[in-house]
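This is final_5.pdb (PDB, C-alpha atoms).
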```pdb
ATOM      1  CA  MET A   2    -204.003-113.779-115.867
ATOM      2  CA  ASN A   3    -200.762-112.985-117.614
ATOM      3  CA  GLY A   4    -199.377-110.027-115.618
ATOM      4  CA  GLY A   5    -197.659-108.407-118.606
ATOM      5  CA  ASP A   6    -200.596-106.714-120.281
ATOM      6  CA  ASN A   7    -202.659-105.889-117.180
ATOM      7  CA  LEU A   8    -199.988-103.436-115.903
ATOM      8  CA  TYR A   9    -202.073-100.651-117.419
ATOM      9  CA  SER A  10    -205.272-101.780-115.677
ATOM     10  CA  GLN A  11    -203.305-102.224-112.434
ATOM     11  CA  TRP A  12    -202.128 -98.656-112.784
ATOM     12  CA  VAL A  13    -205.681 -97.480-113.473
ATOM     13  CA  GLY A  14    -206.936 -99.409-110.472
ATOM     14  CA  TRP A  15    -204.452 -97.652-108.174
ATOM     15  CA  ALA A  16    -205.252 -94.284-109.745
ATOM     16  CA  LYS A  17    -208.934 -94.824-109.056
ATOM     17  CA  ILE A  18    -208.086 -95.085-105.363
ATOM     18  CA  LEU A  19    -205.268 -92.552-104.966
ATOM     19  CA  LEU A  20    -206.657 -89.671-106.940
ATOM     20  CA  PRO A  21    -209.970 -89.295-105.069
ATOM     21  CA  VAL A  22    -208.197 -89.706-101.721
ATOM     22  CA  GLY A  23    -205.727 -86.956-102.752
ATOM     23  CA  GLY A  24    -208.605 -84.734-103.793
ATOM     24  CA  LEU A  25    -210.315 -85.375-100.481
ATOM     25  CA  ALA A  26    -207.133 -84.468 -98.607
ATOM     26  CA  LEU A  27    -206.757 -81.245-100.578
ATOM     27  CA  LEU A  28    -210.375 -80.325 -99.976
ATOM     28  CA  SER A  29    -210.120 -80.916 -96.262
ATOM     29  CA  THR A  30    -207.110 -78.625 -95.879
ATOM     30  CA  LEU A  31    -209.299 -75.866 -97.240
ATOM     31  CA  PHE A  32    -211.374 -75.887 -94.064
ATOM     32  CA  LEU A  33    -209.015 -77.349 -91.493
ATOM     33  CA  PHE A  34    -206.259 -74.722 -91.710
ATOM     34  CA  ALA A  35    -208.399 -71.581 -91.588
ATOM     35  CA  ARG A  36    -206.613 -68.254 -91.110
ATOM     36  CA  ALA A  37    -205.904 -67.172 -87.573
ATOM     37  CA  PRO A  38    -208.785 -65.035 -86.466
ATOM     38  CA  ASN A  39    -207.367 -61.420 -86.417
ATOM     39  CA  ASP A  40    -209.120 -58.909 -84.260
ATOM     40  CA  GLY A  41    -210.814 -56.014 -86.044
ATOM     41  CA  THR A  42    -208.965 -52.623 -86.582
ATOM     42  CA  ASN A  43    -208.928 -51.371 -83.001
ATOM     43  CA  ILE A  44    -209.949 -47.698 -82.634
ATOM     44  CA  PRO A  45    -208.614 -46.097 -79.466
ATOM     45  CA  VAL A  46    -211.657 -45.464 -77.387
ATOM     46  CA  ALA A  47    -210.252 -42.131 -76.165
ATOM     47  CA  GLN A  48    -210.209 -40.808 -79.712
ATOM     48  CA  VAL A  49    -213.771 -41.897 -80.259
ATOM     49  CA  ILE A  50    -214.894 -40.081 -77.131
ATOM     50  CA  GLU A  51    -212.992 -36.962 -78.141
ATOM     51  CA  LEU A  52    -214.439 -37.113 -81.649
ATOM     52  CA  ALA A  53    -217.920 -37.496 -80.302
ATOM     53  CA  ARG A  54    -217.519 -34.786 -77.698
ATOM     54  CA  GLU A  55    -216.586 -31.879 -79.981
ATOM     55  CA  GLN A  56    -217.237 -31.109 -83.571
ATOM     56  CA  GLN A  57    -214.091 -31.900 -85.515
ATOM     57  CA  LEU A  58    -213.439 -32.151 -89.190
ATOM     58  CA  SER A  59    -210.477 -34.362 -90.043
ATOM     59  CA  ALA A  60    -208.494 -33.785 -93.228
ATOM     60  CA  PRO A  61    -210.664 -30.927 -94.561
ATOM     61  CA  GLU A  62    -209.787 -29.655 -97.999
ATOM     62  CA  PHE A  63    -210.969 -26.477 -99.669
ATOM     63  CA  SER A  64    -210.109 -25.298-103.155
ATOM     64  CA  GLY A  65    -211.113 -22.238-105.100
ATOM     65  CA  LEU A  66    -210.156 -19.858-107.860
ATOM     66  CA  THR A  67    -208.901 -16.344-107.117
ATOM     67  CA  ASP A  68    -210.189 -13.541-109.305
ATOM     68  CA  THR A  69    -206.831 -13.478-111.102
ATOM     69  CA  GLY A  70    -207.329 -17.066-112.109
ATOM     70  CA  ALA A  71    -204.926 -18.665-109.646
ATOM     71  CA  VAL A  72    -206.061 -22.044-108.319
ATOM     72  CA  VAL A  73    -205.836 -22.171-104.509
ATOM     73  CA  VAL A  74    -206.035 -25.495-102.624
ATOM     74  CA  VAL A  75    -206.088 -25.275 -98.825
ATOM     75  CA  SER A  76    -205.967 -28.456 -96.727
ATOM     76  CA  ALA A  77    -205.301 -29.310 -93.106
ATOM     77  CA  ARG A  78    -205.041 -32.306 -90.821
ATOM     78  CA  SER A  79    -208.013 -31.322 -88.712
ATOM     79  CA  ALA A  80    -210.282 -28.335 -88.211
ATOM     80  CA  ARG A  81    -212.266 -27.299 -85.140
ATOM     81  CA  PRO A  82    -214.779 -24.430 -85.207
ATOM     82  CA  LEU A  83    -214.121 -21.701 -82.659
ATOM     83  CA  PRO A  84    -216.902 -21.481 -80.088
ATOM     84  CA  ASP A  85    -216.913 -17.667 -79.963
ATOM     85  CA  GLN A  86    -216.421 -16.977 -83.674
ATOM     86  CA  PRO A  87    -219.055 -18.943 -85.589
ATOM     87  CA  ASP A  88    -217.496 -19.038 -89.027
ATOM     88  CA  THR A  89    -213.809 -19.361 -88.073
ATOM     89  CA  ALA A  90    -212.129 -22.722 -87.680
ATOM     90  CA  THR A  91    -208.760 -23.357 -86.098
ATOM     91  CA  VAL A  92    -206.769 -25.907 -88.054
ATOM     92  CA  ASP A  93    -203.486 -27.651 -87.554
ATOM     93  CA  ASN A  94    -200.967 -28.629 -90.197
ATOM     94  CA  LEU A  95    -202.454 -26.087 -92.561
ATOM     95  CA  ARG A  96    -201.195 -26.442 -96.115
ATOM     96  CA  MET A  97    -201.851 -24.272 -99.169
ATOM     97  CA  GLN A  98    -200.847 -24.550-102.797
ATOM     98  CA  MET A  99    -201.450 -21.681-105.199
ATOM     99  CA  ASP A 100    -200.902 -22.232-108.913
ATOM    100  CA  ASN A 101    -200.692 -18.974-110.860
ATOM    101  CA  PRO A 102    -201.968 -18.906-114.435
ATOM    102  CA  GLY A 103    -198.470 -17.776-115.489
ATOM    103  CA  GLY A 104    -197.043 -21.063-114.253
ATOM    104  CA  GLY A 105    -195.516 -20.028-110.924
ATOM    105  CA  THR A 106    -196.653 -21.954-107.849
ATOM    106  CA  LEU A 107    -196.510 -21.089-104.142
ATOM    107  CA  ASN A 108    -196.606 -23.766-101.434
ATOM    108  CA  VAL A 109    -197.232 -22.730 -97.850
ATOM    109  CA  THR A 110    -197.276 -24.984 -94.781
ATOM    110  CA  GLY A 111    -198.049 -23.802 -91.280
ATOM    111  CA  VAL A 112    -198.028 -25.659 -87.982
ATOM    112  CA  THR A 113    -201.318 -24.069 -86.931
ATOM    113  CA  GLY A 114    -203.747 -21.731 -88.603
ATOM    114  CA  GLU A 115    -207.198 -20.262 -88.814
ATOM    115  CA  ILE A 116    -209.642 -20.158 -91.700
ATOM    116  CA  ASP A 117    -212.336 -17.488 -91.655
ATOM    117  CA  GLY A 118    -215.023 -18.664 -94.046
ATOM    118  CA  ARG A 119    -216.983 -15.408 -94.232
ATOM    119  CA  ALA A 120    -214.020 -13.124 -94.840
ATOM    120  CA  ARG A 121    -212.322 -15.883 -96.857
ATOM    121  CA  ILE A 122    -209.037 -15.356 -95.053
ATOM    122  CA  ALA A 123    -206.591 -18.123 -94.189
ATOM    123  CA  ARG A 124    -204.117 -17.212 -91.440
ATOM    124  CA  PHE A 125    -201.019 -19.324 -90.969
ATOM    125  CA  SER A 126    -199.146 -19.233 -87.658
ATOM    126  CA  GLY A 127    -196.529 -21.189 -85.803
ATOM    127  CA  LEU A 128    -193.581 -21.966 -88.067
ATOM    128  CA  VAL A 129    -194.730 -21.009 -91.560
ATOM    129  CA  ARG A 130    -192.647 -22.301 -94.455
ATOM    130  CA  LEU A 131    -193.113 -20.928 -97.971
ATOM    131  CA  GLU A 132    -191.737 -22.359-101.200
ATOM    132  CA  THR A 133    -192.075 -20.971-104.682
ATOM    133  CA  SER A 134    -191.501 -22.632-108.018
ATOM    134  CA  THR A 135    -188.829 -20.024-108.756
ATOM    135  CA  GLY A 136    -186.680 -21.685-106.100
ATOM    136  CA  TYR A 137    -187.248 -19.369-103.146
ATOM    137  CA  THR A 138    -187.817 -20.990 -99.752
ATOM    138  CA  MET A 139    -188.487 -18.898 -96.652
ATOM    139  CA  GLU A 140    -189.697 -19.206 -93.075
ATOM    140  CA  THR A 141    -191.700 -16.681 -91.110
ATOM    141  CA  SER A 142    -193.835 -16.534 -88.002
ATOM    142  CA  GLY A 143    -197.155 -15.758 -89.666
ATOM    143  CA  LEU A 144    -198.869 -15.332 -93.028
ATOM    144  CA  THR A 145    -202.298 -13.959 -93.880
ATOM    145  CA  VAL A 146    -203.846 -15.025 -97.189
ATOM    146  CA  THR A 147    -207.011 -13.433 -98.588
ATOM    147  CA  LEU A 148    -208.354 -16.330-100.589
ATOM    148  CA  ASP A 149    -210.414 -14.452-103.155
ATOM    149  CA  THR A 150    -207.658 -12.088-104.283
ATOM    150  CA  GLY A 151    -204.845 -14.542-103.718
ATOM    151  CA  THR A 152    -202.804 -11.921-101.837
ATOM    152  CA  ALA A 153    -200.567 -13.204 -99.041
ATOM    153  CA  VAL A 154    -198.806 -10.951 -96.531
ATOM    154  CA  SER A 155    -196.250 -12.207 -94.007
ATOM    155  CA  ASP A 156    -196.241 -10.969 -90.436
ATOM    156  CA  GLY A 157    -192.732 -11.333 -89.125
ATOM    157  CA  SER A 158    -189.400 -10.753 -90.829
ATOM    158  CA  LEU A 159    -188.093 -13.506 -93.012
ATOM    159  CA  GLU A 160    -185.042 -15.566 -93.788
ATOM    160  CA  ILE A 161    -185.073 -16.434 -97.467
ATOM    161  CA  ARG A 162    -182.925 -18.876 -99.388
ATOM    162  CA  ALA A 163    -183.020 -17.706-102.999
ATOM    163  CA  PRO A 164    -181.392 -19.494-105.899
ATOM    164  CA  MET A 165    -178.831 -16.709-106.072
ATOM    165  CA  GLY A 166    -178.021 -16.459-102.386
ATOM    166  CA  ASN A 167    -179.394 -15.760 -98.941
ATOM    167  CA  LEU A 168    -181.815 -12.919 -98.363
ATOM    168  CA  THR A 169    -183.341 -11.302 -95.335
ATOM    169  CA  ALA A 170    -186.400  -9.036 -95.573
ATOM    170  CA  GLY A 171    -188.804  -7.304 -93.234
ATOM    171  CA  GLN A 172    -191.906  -8.568 -94.948
ATOM    172  CA  VAL A 173    -193.048 -10.400 -98.069
ATOM    173  CA  THR A 174    -196.231  -9.804-100.026
ATOM    174  CA  PHE A 175    -197.461 -12.100-102.769
ATOM    175  CA  GLN A 176    -199.772 -10.126-105.000
ATOM    176  CA  VAL A 177    -200.750  -9.457-108.557
ATOM    177  CA  ASP A 178    -198.400  -6.958-110.156
ATOM    178  CA  THR A 179    -200.265  -3.691-110.641
ATOM    179  CA  SER A 180    -198.920  -3.202-114.162
ATOM    180  CA  ASN A 181    -199.753  -6.591-115.649
ATOM    181  CA  THR A 182    -201.309  -9.793-114.463
ATOM    182  CA  GLY A 183    -197.947 -11.265-113.476
ATOM    183  CA  HIS A 184    -197.801 -12.605-109.920
ATOM    184  CA  GLN A 185    -195.227 -10.754-107.923
ATOM    185  CA  MET A 186    -193.344 -11.514-104.741
ATOM    186  CA  LEU A 187    -192.538  -8.191-103.081
ATOM    187  CA  PHE A 188    -190.031  -8.086-100.233
ATOM    188  CA  THR A 189    -190.254  -4.851 -98.239
ATOM    189  CA  ASP A 190    -189.001  -3.147 -95.071
ATOM    190  CA  GLY A 191    -185.353  -3.475 -95.915
ATOM    191  CA  VAL A 192    -183.914  -6.257 -98.069
ATOM    192  CA  ARG A 193    -180.403  -7.628 -97.868
ATOM    193  CA  LEU A 194    -178.929 -10.139-100.343
ATOM    194  CA  ILE A 195    -175.567 -11.882-100.026
ATOM    195  CA  TYR A 196    -174.387 -13.308-103.336
ATOM    196  CA  THR A 197    -171.081 -15.125-103.741
ATOM    197  CA  PRO A 198    -170.072 -15.387-107.375
ATOM    198  CA  GLN A 199    -169.030 -18.871-108.451
ATOM    199  CA  GLY A 200    -165.832 -19.544-110.385
TER     200      GLY A 200
ATOM    201  CA  GLN B  28    -160.847   8.421-125.311
ATOM    202  CA  THR B  29    -159.092   8.945-122.025
ATOM    203  CA  GLN B  30    -157.410   6.299-119.964
ATOM    204  CA  ILE B  31    -157.482   6.995-116.248
ATOM    205  CA  ASP B  32    -156.401   4.829-113.397
ATOM    206  CA  LEU B  33    -158.865   4.371-110.569
ATOM    207  CA  GLY B  34    -156.108   2.539-108.740
ATOM    208  CA  ALA B  35    -157.949   2.069-105.524
ATOM    209  CA  LEU B  36    -160.851   0.449-107.297
ATOM    210  CA  VAL B  37    -159.367  -3.020-107.514
ATOM    211  CA  VAL B  38    -161.954  -5.614-106.547
ATOM    212  CA  ASP B  39    -161.481  -9.349-106.305
ATOM    213  CA  PRO B  40    -164.177 -10.660-108.713
ATOM    214  CA  GLY B  41    -164.773 -13.616-106.458
ATOM    215  CA  ALA B  42    -165.635 -11.451-103.453
ATOM    216  CA  ALA B  43    -169.150 -11.719-102.085
ATOM    217  CA  ILE B  44    -171.591  -9.106-103.299
ATOM    218  CA  GLU B  45    -174.007  -7.624-100.825
ATOM    219  CA  VAL B  46    -177.068  -5.828-102.145
ATOM    220  CA  THR B  47    -179.269  -3.905 -99.737
ATOM    221  CA  SER B  48    -182.395  -1.963-100.678
ATOM    222  CA  GLN B  49    -185.811  -1.021 -99.397
ATOM    223  CA  THR B  50    -187.766  -3.402-101.559
ATOM    224  CA  LEU B  51    -187.137  -6.310-103.889
ATOM    225  CA  SER B  52    -189.798  -7.507-106.287
ATOM    226  CA  VAL B  53    -189.533 -10.898-107.953
ATOM    227  CA  ASP B  54    -191.870 -11.812-110.784
ATOM    228  CA  GLN B  55    -193.057 -15.269-109.865
ATOM    229  CA  ASP B  56    -193.586 -16.443-113.400
ATOM    230  CA  THR B  57    -190.373 -15.240-115.018
ATOM    231  CA  GLY B  58    -188.162 -14.932-111.941
ATOM    232  CA  ILE B  59    -186.951 -11.406-112.813
ATOM    233  CA  ALA B  60    -185.715  -9.677-109.626
ATOM    234  CA  VAL B  61    -185.611  -5.870-109.264
ATOM    235  CA  PHE B  62    -184.261  -4.035-106.217
ATOM    236  CA  THR B  63    -185.775  -0.579-105.711
ATOM    237  CA  GLY B  64    -185.452   2.187-103.128
ATOM    238  CA  ASP B  65    -181.878   3.467-102.534
ATOM    239  CA  VAL B  66    -180.139   0.291-103.533
ATOM    240  CA  LEU B  67    -176.541  -0.209-102.409
ATOM    241  CA  VAL B  68    -174.296  -2.812-104.010
ATOM    242  CA  ILE B  69    -171.127  -3.517-102.042
ATOM    243  CA  GLN B  70    -168.292  -5.752-103.237
ATOM    244  CA  GLY B  71    -165.009  -5.392-101.429
ATOM    245  CA  ASP B  72    -164.575  -1.626-101.239
ATOM    246  CA  LEU B  73    -166.570  -0.948-104.396
ATOM    247  CA  ARG B  74    -169.854   0.753-103.539
ATOM    248  CA  LEU B  75    -172.457   1.272-106.231
ATOM    249  CA  SER B  76    -175.637   3.021-105.160
ATOM    250  CA  ALA B  77    -178.691   3.668-107.352
ATOM    251  CA  GLN B  78    -182.466   3.990-107.190
ATOM    252  CA  ARG B  79    -183.153   0.764-109.067
ATOM    253  CA  VAL B  80    -181.042  -2.325-109.770
ATOM    254  CA  GLU B  81    -182.254  -5.165-111.933
ATOM    255  CA  VAL B  82    -180.694  -8.594-111.650
ATOM    256  CA  VAL B  83    -179.865 -10.393-114.903
ATOM    257  CA  TYR B  84    -179.277 -14.080-114.375
ATOM    258  CA  GLY B  85    -176.546 -16.120-116.019
ATOM    259  CA  SER B  86    -177.096 -19.566-117.434
ATOM    260  CA  ASP B  87    -179.523 -20.480-114.641
ATOM    261  CA  THR B  88    -181.138 -18.591-111.834
ATOM    262  CA  ASP B  89    -178.486 -19.327-109.232
ATOM    263  CA  GLU B  90    -175.867 -17.259-110.994
ATOM    264  CA  ILE B  91    -176.037 -13.504-111.459
ATOM    265  CA  ALA B  92    -174.487 -12.361-114.713
ATOM    266  CA  ARG B  93    -175.172  -8.615-114.636
ATOM    267  CA  LEU B  94    -176.575  -5.899-112.404
ATOM    268  CA  ILE B  95    -178.270  -3.067-114.300
ATOM    269  CA  ALA B  96    -178.481   0.041-112.137
ATOM    270  CA  SER B  97    -180.469   3.135-113.046
ATOM    271  CA  GLY B  98    -181.533   6.348-111.330
ATOM    272  CA  ASP B  99    -178.717   8.651-110.090
ATOM    273  CA  VAL B 100    -176.017   6.012-109.988
ATOM    274  CA  LEU B 101    -173.019   6.729-107.775
ATOM    275  CA  LEU B 102    -169.928   4.549-107.941
ATOM    276  CA  ALA B 103    -167.560   5.240-105.066
ATOM    277  CA  ASN B 104    -164.574   3.800-103.358
ATOM    278  CA  SER B 105    -162.157   5.110-100.807
ATOM    279  CA  GLN B 106    -160.900   8.106-102.867
ATOM    280  CA  ASP B 107    -162.687   8.394-106.196
ATOM    281  CA  ALA B 108    -166.352   8.801-107.034
ATOM    282  CA  ALA B 109    -168.180   8.601-110.332
ATOM    283  CA  GLU B 110    -171.745   9.706-110.960
ATOM    284  CA  ALA B 111    -173.841   8.666-113.945
ATOM    285  CA  ASP B 112    -177.412   8.094-115.023
ATOM    286  CA  ASN B 113    -177.141   4.358-115.274
ATOM    287  CA  ALA B 114    -174.602   1.594-114.910
ATOM    288  CA  ASP B 115    -174.256  -1.971-116.110
ATOM    289  CA  TYR B 116    -172.016  -4.131-113.944
ATOM    290  CA  ASP B 117    -171.087  -7.382-115.672
ATOM    291  CA  ILE B 118    -169.986  -9.537-112.765
ATOM    292  CA  THR B 119    -168.571 -12.341-114.885
ATOM    293  CA  THR B 120    -166.126 -10.086-116.747
ATOM    294  CA  GLY B 121    -165.710  -7.440-114.030
ATOM    295  CA  LEU B 122    -166.558  -4.607-116.459
ATOM    296  CA  LEU B 123    -168.709  -1.790-115.129
ATOM    297  CA  THR B 124    -170.011   0.556-117.814
ATOM    298  CA  LEU B 125    -171.408   3.915-116.718
ATOM    299  CA  THR B 126    -173.517   5.811-119.231
ATOM    300  CA  GLY B 127    -175.357   9.130-119.292
ATOM    301  CA  ASP B 128    -173.230  12.227-118.451
ATOM    302  CA  VAL B 129    -170.591  10.557-116.307
ATOM    303  CA  LEU B 130    -168.821  12.770-113.786
ATOM    304  CA  VAL B 131    -165.640  11.462-112.177
ATOM    305  CA  THR B 132    -164.031  13.220-109.236
ATOM    306  CA  GLN B 133    -160.589  11.868-108.544
ATOM    307  CA  GLY B 134    -158.725  13.685-105.838
ATOM    308  CA  GLY B 135    -158.697  17.289-107.068
ATOM    309  CA  THR B 136    -159.518  16.743-110.743
ATOM    310  CA  VAL B 137    -163.025  16.481-112.149
ATOM    311  CA  ILE B 138    -163.609  14.728-115.487
ATOM    312  CA  SER B 139    -166.924  14.460-117.299
ATOM    313  CA  ALA B 140    -167.786  12.339-120.339
ATOM    314  CA  GLN B 141    -170.647  10.534-122.029
ATOM    315  CA  ASN B 142    -169.746   7.061-120.834
ATOM    316  CA  MET B 143    -167.038   5.255-118.985
ATOM    317  CA  VAL B 144    -165.992   1.610-118.801
ATOM    318  CA  VAL B 145    -164.349   0.619-115.515
ATOM    319  CA  ASN B 146    -162.491  -2.669-115.276
ATOM    320  CA  VAL B 147    -162.814  -3.458-111.593
ATOM    321  CA  THR B 148    -160.300  -6.290-111.717
ATOM    322  CA  ASP B 149    -157.337  -4.019-112.527
ATOM    323  CA  GLY B 150    -158.834  -0.635-111.640
ATOM    324  CA  THR B 151    -158.379   0.951-115.074
ATOM    325  CA  ALA B 152    -161.152   2.984-116.722
ATOM    326  CA  THR B 153    -161.609   4.385-120.204
ATOM    327  CA  MET B 154    -163.901   7.349-120.844
ATOM    328  CA  GLN B 155    -165.453   8.237-124.190
ATOM    329  CA  GLY B 156    -167.660  10.973-125.578
ATOM    330  CA  ARG B 157    -166.791  14.676-125.084
ATOM    331  CA  VAL B 158    -164.360  14.126-122.266
ATOM    332  CA  ARG B 159    -163.801  17.395-120.438
ATOM    333  CA  THR B 160    -161.648  18.064-117.460
ATOM    334  CA  MET B 161    -160.771  21.083-115.368
ATOM    335  CA  LEU B 162    -157.102  21.217-114.417
ATOM    336  CA  GLN B 163    -156.398  23.301-111.386
ATOM    337  CA  GLN B 164    -152.909  24.745-111.730
ATOM    338  CA  GLY B 165    -152.354  24.497-108.007
ATOM    339  CA  ALA B 166    -154.038  27.559-106.466
ATOM    340  CA  THR B 167    -151.618  29.897-104.655
ATOM    341  CA  GLU B 168    -151.599  28.868-101.042
TER     342      GLU B 168
END
```
So, in terms of structure tokens, how does the structure I just supplied come out?
Amino acid sequence: MNGGDNLYSQWVGWAKILLPVGGLALLSTLFLFARAPNDGTNIPVAQVIELAREQQLSAPEFSGLTDTGAVVVVSARSARPLPDQPDTATVDNLRMQMDNPGGGTLNVTGVTGEIDGRARIARFSGLVRLETSTGYTMETSGLTVTLDTGTAVSDGSLEIRAPMGNLTAGQVTFQVDTSNTGHQMLFTDGVRLIYTPQG
Amino acid sequence: QTQIDLGALVVDPGAAIEVTSQTLSVDQDTGIAVFTGDVLVIQGDLRLSAQRVEVVYGSDTDEIARLIASGDVLLANSQDAAEADNADYDITTGLLTLTGDVLVTQGGTVISAQNMVVNVTDGTATMQGRVRTMLQQGATE
């Protein structure tokens, strides 16, 4: 057979052998190189025992509307009911955000805290840090928030960093201004502001 | 119009201002801050005391442009004292305007007027509106 014109059929002949073998090789790698068997997400047994032993709520979140229309969202890392007080839960990493209808917001974080469901009071303790949208940040030792009126009263004295300077005050109360519906931050028991003019 | 020199009332405008009061209320939505309850504003040796002082911000809320004091305002320094009904202290320009039957006691003399503008940077003051003064002719010792 003259070799010149059967180059094409030679090429087809080889293709008929090589292509299926290649396909077979590809197919086999699908099953031969399976992924390494990883062990399942391991849960520390101690935590499971602890979880089972006592009632615990992890990452609880509670949101509501105060009667002045401010949206309050309270969340924590975990909550444990108190044995002696039925409707009070101790929480840690308590966090609260209050958005006032007028636009101002208040963010509060506390290392520990208590939420009393019946009296609807959230009590922050440990290092309590407050931040308002008007640029005030302050730390205090305790804060009590009545959730249905949206009023918050601090326990200890405060160090406040205001946009205009540093402030110290005996106590701060977040409440609705008696005259209008504006939300007011009232520092009481002696206030001291240090302002250094720029320029 | 009377020009008097409150010489001792020279205040460096860059000096820190300390405001103490019983309460301070800040409106959370608008940011307006009002000190109430025997408020005392101290800058250098200028002492301005009043019942109520409202803070007026400058271009943004970290700069105070003016302090508006009202309710038996008393401006005092080492020698002189000036009483008025209300005062407006413009921190940026250093002008302190007292209005509402101003009474200035400077050493022995007493001057009263309707309003007075004190320039705290150079200690001069101009008084307008029915300025009256009592001149003691040096009582016989």
Take atom CA of Val49 of chain A and atom CA of Arg36 of chain A and report the distance between them in Å, one decimal.
29.4 Å
List every residue of chain A that has an atom at most 7 Å from any atom of chain B, giving for each one its closest atom pair and the distance in Å to one decimal, counting all atoms listed in the file, sorted by chain and then by ascending residue number, as CSV.
```
residue,atom,partner,partner_atom,distance
A:Gly103,CA,B:Asp56,CA,5.5
A:Gly104,CA,B:Asp56,CA,5.8
A:Gly105,CA,B:Asp56,CA,4.8
A:Thr135,CA,B:Gly58,CA,6.0
A:Pro164,CA,B:Asp89,CA,4.4
A:Met165,CA,B:Asp89,CA,4.1
A:Gly183,CA,B:Asp54,CA,6.7
A:His184,CA,B:Gln55,CA,5.4
A:Gln185,CA,B:Asp54,CA,4.5
A:Met186,CA,B:Val53,CA,5.0
A:Leu187,CA,B:Ser52,CA,4.3
A:Phe188,CA,B:Leu51,CA,5.0
A:Thr189,CA,B:Thr50,CA,4.4
A:Asp190,CA,B:Gln49,CA,5.8
A:Gly191,CA,B:Gln49,CA,4.3
A:Val192,CA,B:Ser48,CA,5.2
A:Arg193,CA,B:Thr47,CA,4.3
A:Leu194,CA,B:Val46,CA,5.0
A:Ile195,CA,B:Glu45,CA,4.6
A:Tyr196,CA,B:Ile44,CA,5.0
A:Thr197,CA,B:Ala43,CA,4.3
A:Pro198,CA,B:Gly41,CA,5.7
```
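You will find atom CA of Val82 of chain B at 12.4 Å from atom CA of Gly166 of chain A.
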Show me, as JSON, numbers by chain, the residues that have an atom within 6 Å of segment 127-131 of chain B when counting only C-alpha atoms, minus same-chain residues fewer than 3 positions from it.
{"B": [108, 109, 110, 111, 112, 137, 138, 139, 140, 141, 142]}
Suppose we keep C-alpha atoms; can you now write the selection as a PDB file, keeping the file's coordinate frame?
```
ATOM      1  CA  ALA B 108    -166.352   8.801-107.034  1.00  0.00           C
ATOM      2  CA  ALA B 109    -168.180   8.601-110.332  1.00  0.00           C
ATOM      3  CA  GLU B 110    -171.745   9.706-110.960  1.00  0.00           C
ATOM      4  CA  ALA B 111    -173.841   8.666-113.945  1.00  0.00           C
ATOM      5  CA  ASP B 112    -177.412   8.094-115.023  1.00  0.00           C
ATOM      6  CA  VAL B 137    -163.025  16.481-112.149  1.00  0.00           C
ATOM      7  CA  ILE B 138    -163.609  14.728-115.487  1.00  0.00           C
ATOM      8  CA  SER B 139    -166.924  14.460-117.299  1.00  0.00           C
ATOM      9  CA  ALA B 140    -167.786  12.339-120.339  1.00  0.00           C
ATOM     10  CA  GLN B 141    -170.647  10.534-122.029  1.00  0.00           C
ATOM     11  CA  ASN B 142    -169.746   7.061-120.834  1.00  0.00           C
TER      12      ASN B 142
END
```
Residues proximal to (-189.9, -20.6, -103.7) were defined as those with any atom within 9 Å of that point in the file's coordinates, counting only C-alpha atoms. Which are they, as a ChimeraX atom specification?
/A:106-108,131-139,161-164 /B:55
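Atom pair atom CA of Leu128 of chain A / atom CA of Val92 of chain A has a distance of 13.8 Å (rounded to one decimal).
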With 6 Å of padding per side, what axis-aligned box (centre and edge lengths, Å, one decimal) covers all the listed atoms of segment 73-90 of chain A? Give it as lines of an AutoDock Vina configuration file.
```
center_x = -212.0
center_y = -24.6
center_z = -92.2
size_x = 26.0
size_y = 27.3
size_z = 36.5
```
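With distances restricted to all atoms listed in the file, A:Val75 is the closest residue to Asp100 of chain A from A:Val129, A:Val75, A:Leu19, A:Leu168.
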Need the shell around Arg54 of chain A: protein/DNA/RNA residues with any atom at most 12 Å away, counting all atoms listed in the file. Skip same-chain ones fewer than 6 positions apart. Format as an MDAnalysis selection string?
chainID A and resid 47:48 81
Could you please take those selected residues and save C-alpha atoms as a PDB file, in the frame of the given file?
```pdb
ATOM      1  CA  ALA A  47    -210.252 -42.131 -76.165  1.00  0.00           C
ATOM      2  CA  GLN A  48    -210.209 -40.808 -79.712  1.00  0.00           C
ATOM      3  CA  ARG A  81    -212.266 -27.299 -85.140  1.00  0.00           C
TER       4      ARG A  81
END
```
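Restricting the calculation to all atoms listed in the file, the smallest distance between Gln106 of chain B and any of B:Val158, B:Gln133, B:Val38, B:Met143 is found for B:Gln133.
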Sphere at (-194.4, -14.6, -98.6), radius 7 Å, counting only C-alpha atoms: residues as JSON, numbers by chain:
{"A": [131, 153, 154, 155, 173, 174, 175, 186]}
